[in-house]
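Undergrad: Below you will find the structure I want to go over with you.
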Amino acid sequence: MESLKIPVGRLGEALFALIVRYLQPFFDGFSALVLFLNGSFHAALTSVPPYAAVALFAVLAWAMAGWRLMVFSLIGLALLVNQGLWSHALATLSLVLTATLLSLLVAIPLGVLMAEIRWVDTVVSPVLDFLQTMPRFVYLIPAVVLLGVDAAPAVLATMTLSIPPPARLTAVGLQQVDKHLVEAADAFGATRWHTLTRLKLPLAVPAVMLGINQCLLMALSMVVIASLIGAAGLGIEILNAISTLNAGQGLVAGLGVFILAVLLDRATKGLADRLAVRNARPSGKG
């Protein structure tokens, strides 16, 4: 029976060898881009004194989601400063923003193509299923070989998890636009591009925003795994707590991840609600 075993592992190694041989310049460029974006986000976030930054984040929370999130932001972020986790939290946030930005640059155009071209949806959907279901640790080995040990492989591994939700939700949002509206646009002579950009995408904003929300949360969920390959942030504190069996340290670091997750989740949902109301106003006036 052993002789009948299909050499899936060897085929995977051969494919990876081809990727290393022919696509290494692409991954070198990707690494440089990740380091630039992550460094820029981190420099911007750390340029403001901690408590001034807490106040600024609280104002942004109020603008996006109301006074309740503002109060939570003030208390939660002040707690991070008090516990000495502020620098770790900003490192995590920088990594999350970098991974989210790069993921959305791929996911949203991909979702549009999936909605507009049937064969793209047929080909891409199984790939997204594979990316979502494959254990995250599997991606760490090729990511480290290709990109070394730093933020770049962490972002690459994170993107495999954070691309599928916004791609799918963008496609679903576009596909659920009322067909009668699309037919009316066609009847008035709108081109396919105008129908997409001026009708479908504005109506699909709630779905796209939900995709952005899920992308952020998926990226944040990789924080501990990313720390295994050199990414800075709260994940380092969690790993240290695990290695020393320090339950208190683990609780505090985990609470930091929870605070960031709530802020990102509620802020993006609040912004999505505001955009939905704004898009609905013209029809309400009519």
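Residue numbers start at 1 in each chain; chains themselves are named A, B, ... in the order of the structure tokens; ligands are numbered from 1 in the order shown.
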So that I can check the surroundings of Leu181 of chain A, please list as a PyMOL selection string every protein, DNA and RNA residue that reaches within 12 Å of it, counting only C-alpha atoms and ignoring chain neighbours fewer than 5 positions away.
TA: chain A and resi 176+186-188+190+195-196+198-200+203
Undergrad: For the residues in the current selection, export N, CA and C atoms as an mmCIF file, in the first residue's frame.
TA:
```
data_model
loop_
_atom_site.group_PDB
_atom_site.id
_atom_site.type_symbol
_atom_site.label_atom_id
_atom_site.label_comp_id
_atom_site.auth_asym_id
_atom_site.auth_seq_id
_atom_site.Cartn_x
_atom_site.Cartn_y
_atom_site.Cartn_z
ATOM 1 N N GLN A 176 -26.351 41.074 -4.781
ATOM 2 C CA GLN A 176 -27.669 41.265 -4.182
ATOM 3 C C GLN A 176 -28.308 42.604 -4.525
ATOM 4 N N ASP A 186 -29.412 50.129 -17.380
ATOM 5 C CA ASP A 186 -29.128 49.695 -18.744
ATOM 6 C C ASP A 186 -30.065 50.373 -19.742
ATOM 7 N N ALA A 187 -31.312 50.514 -19.326
ATOM 8 C CA ALA A 187 -32.295 51.133 -20.220
ATOM 9 C C ALA A 187 -31.979 52.601 -20.495
ATOM 10 N N PHE A 188 -31.371 53.262 -19.521
ATOM 11 C CA PHE A 188 -30.992 54.663 -19.702
ATOM 12 C C PHE A 188 -29.628 54.811 -20.367
ATOM 13 N N ALA A 190 -26.610 53.417 -19.461
ATOM 14 C CA ALA A 190 -25.408 53.393 -18.629
ATOM 15 C C ALA A 190 -24.487 52.271 -19.074
ATOM 16 N N THR A 195 -22.555 51.552 -14.283
ATOM 17 C CA THR A 195 -23.500 50.811 -13.449
ATOM 18 C C THR A 195 -22.806 50.261 -12.207
ATOM 19 N N LEU A 196 -21.586 49.773 -12.403
ATOM 20 C CA LEU A 196 -20.835 49.221 -11.277
ATOM 21 C C LEU A 196 -20.447 50.302 -10.290
ATOM 22 N N ARG A 198 -21.412 53.624 -10.040
ATOM 23 C CA ARG A 198 -22.382 54.619 -9.574
ATOM 24 C C ARG A 198 -23.668 54.017 -9.020
ATOM 25 N N LEU A 199 -23.868 52.733 -9.230
ATOM 26 C CA LEU A 199 -25.079 52.089 -8.717
ATOM 27 C C LEU A 199 -24.745 50.941 -7.780
ATOM 28 N N LYS A 200 -24.050 49.933 -8.287
ATOM 29 C CA LYS A 200 -23.841 48.718 -7.506
ATOM 30 C C LYS A 200 -22.962 48.947 -6.280
ATOM 31 N N LEU A 203 -24.556 50.883 -3.398
ATOM 32 C CA LEU A 203 -25.577 50.079 -2.710
ATOM 33 C C LEU A 203 -24.946 48.910 -1.949
#
```
Undergrad: Which polymer residues have any atom within 9 Å of an atom of segment 238-252 of chain A, counting only C-alpha atoms, with same-chain residues fewer than 2 positions away left out, as a list in words?
TA: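 Here the answer would be Leu80, Gln83, Leu85, Val224, Ser227, Leu228, Leu234, Gly235, Ile236, Gly254, Leu255, Gly256 and Val257 of chain A.
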Undergrad: Just how far from atom CA of Ala58 of chain A is atom CA of Met70 of chain A, in Å to one decimal?
TA: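 Here the two named atoms are 4.7 Å from each other.
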Undergrad: With a distance cut-off of 10 Å and only C-alpha atoms, select the neighbouring residues of Gly211 of chain A, excluding the residue or stretch itself and same-chain residues fewer than 2 positions from it, and output the selection as a ChimeraX atom specification.
TA: /A:104,107-108,162-170,173,205-209,213-217,268
Undergrad: With only C-alpha atoms as the atoms that count, which of A:Leu264, A:Ala231, A:Leu37, A:Ala52 lies nearest to Val149 of chain A?
TA: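 Ranked by minimum distance to Val149 of chain A, first place goes to A:Ala231.
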Undergrad: To one decimal place, how far is atom CA of Ala89 of chain A from atom CA of Gly233 of chain A in Å?
TA: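 Separation between atom CA of Ala89 of chain A and atom CA of Gly233 of chain A: 6.0 Å.
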Undergrad: Give me, as a list in words, all polymer residues having an atom no more than 9 Å from Val20 of chain A, counting only C-alpha atoms and skipping those fewer than 6 positions away in the same chain.
TA: Phe27, Val145 and Leu146 of chain A
Undergrad: Would you export the selected residues with N, CA and C atoms as an mmCIF file, in the first residue's frame, please?
TA:
```cif
data_model
loop_
_atom_site.group_PDB
_atom_site.id
_atom_site.type_symbol
_atom_site.label_atom_id
_atom_site.label_comp_id
_atom_site.auth_asym_id
_atom_site.auth_seq_id
_atom_site.Cartn_x
_atom_site.Cartn_y
_atom_site.Cartn_z
ATOM 1 N N PHE A 27 8.608 38.538 -3.937
ATOM 2 C CA PHE A 27 8.512 38.469 -2.485
ATOM 3 C C PHE A 27 9.480 39.439 -1.811
ATOM 4 N N VAL A 145 10.671 31.028 5.007
ATOM 5 C CA VAL A 145 11.700 30.718 4.007
ATOM 6 C C VAL A 145 11.782 31.823 2.963
ATOM 7 N N LEU A 146 10.638 32.332 2.535
ATOM 8 C CA LEU A 146 10.611 33.346 1.487
ATOM 9 C C LEU A 146 10.975 34.736 1.995
#
```
Undergrad: So which bits of segment 55-250 of chain A end up alpha helix (DSSP H) when you DSSP the backbone, as number ranges by chain?
TA: A: 55-65, 67-82, 86-116, 118-133, 136-147, 151-162, 164-175, 179-187, 192-195, 201-203, 205-221, 223-227, 234-244, 247-250
Undergrad: Would you mind telling me which residue in A:Val59, A:Ala261, A:Ala143, A:Val112 lies nearest to Asp28 of chain A when using only C-alpha atoms?
TA: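 The closest residue to Asp28 of chain A is A:Ala143.
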Undergrad: Just want the 12 Å neighbourhood of Leu131 of chain A, counted on only C-alpha atoms, with same-chain residues fewer than 5 positions away dropped. Output as a PDB file with C-alpha atoms, in the first residue's frame.
TA:
```
ATOM      1  CA  VAL A 124     -11.558  31.712  -7.045  1.00  0.00           C
ATOM      2  CA  SER A 125     -14.148  30.332  -4.592  1.00  0.00           C
ATOM      3  CA  PRO A 126     -12.322  26.995  -4.029  1.00  0.00           C
ATOM      4  CA  ARG A 136      -2.480  29.028   9.897  1.00  0.00           C
ATOM      5  CA  PHE A 137       0.717  27.342  11.069  1.00  0.00           C
ATOM      6  CA  VAL A 138       1.072  25.661   7.666  1.00  0.00           C
ATOM      7  CA  TYR A 139       1.723  29.054   6.057  1.00  0.00           C
ATOM      8  CA  LEU A 156       1.785  37.269   4.456  1.00  0.00           C
ATOM      9  CA  ALA A 157       0.425  34.554   6.748  1.00  0.00           C
ATOM     10  CA  THR A 158      -2.218  36.967   8.052  1.00  0.00           C
ATOM     11  CA  MET A 159      -3.377  37.855   4.549  1.00  0.00           C
ATOM     12  CA  THR A 160      -4.247  34.229   3.821  1.00  0.00           C
ATOM     13  CA  LEU A 161      -6.839  34.538   6.585  1.00  0.00           C
ATOM     14  CA  SER A 162      -7.988  38.123   6.062  1.00  0.00           C
ATOM     15  CA  ILE A 163      -8.495  38.181   2.271  1.00  0.00           C
ATOM     16  CA  PRO A 164     -11.403  35.681   1.925  1.00  0.00           C
ATOM     17  CA  PRO A 165     -14.073  37.454   4.078  1.00  0.00           C
TER      18      PRO A 165
END
```
Undergrad: Find the residue from A:Ser40, A:Thr46, A:Ser73, A:Thr133 that sits nearest to Leu90 of chain A; use only C-alpha atoms when measuring.
TA: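 Once distances to Leu90 of chain A are computed over only C-alpha atoms, the minimum belongs to A:Thr46.
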Undergrad: Please, what distance in Å, to one decimal, runs between atom CA of Leu93 of chain A and atom CA of Ala232 of chain A?
TA: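 So the answer is 10.2 Å.
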Undergrad: For Ala99 of chain A, which residue out of A:Leu271, A:Leu210, A:Ala171, A:Leu35 is the nearest one, using only C-alpha atoms?
TA: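 Closest to Ala99 of chain A of all the choices is A:Leu35.
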Undergrad: Skipping near chain neighbours, those fewer than 5 positions away, what residues fall within 9 Å of Leu97 of chain A using only C-alpha atoms, listed as a ChimeraX atom specification?
TA: /A:37-38,41,92,102,216,219
Undergrad: Output the selection as a tab-separated table (two decimals), in the first residue's frame - C-alpha atoms for each residue.
TA:
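The new file out_10.tsv reads:
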```tsv
chain	number	residue	atom	x	y	z
A	37	LEU	CA	3.93	50.40	5.59
A	38	ASN	CA	4.36	48.85	9.01
A	41	PHE	CA	1.99	53.23	10.67
A	92	THR	CA	0.05	45.10	17.10
A	102	LEU	CA	-2.79	45.00	1.72
A	216	LEU	CA	-9.60	43.67	10.65
A	219	ALA	CA	-5.88	40.12	11.07
```
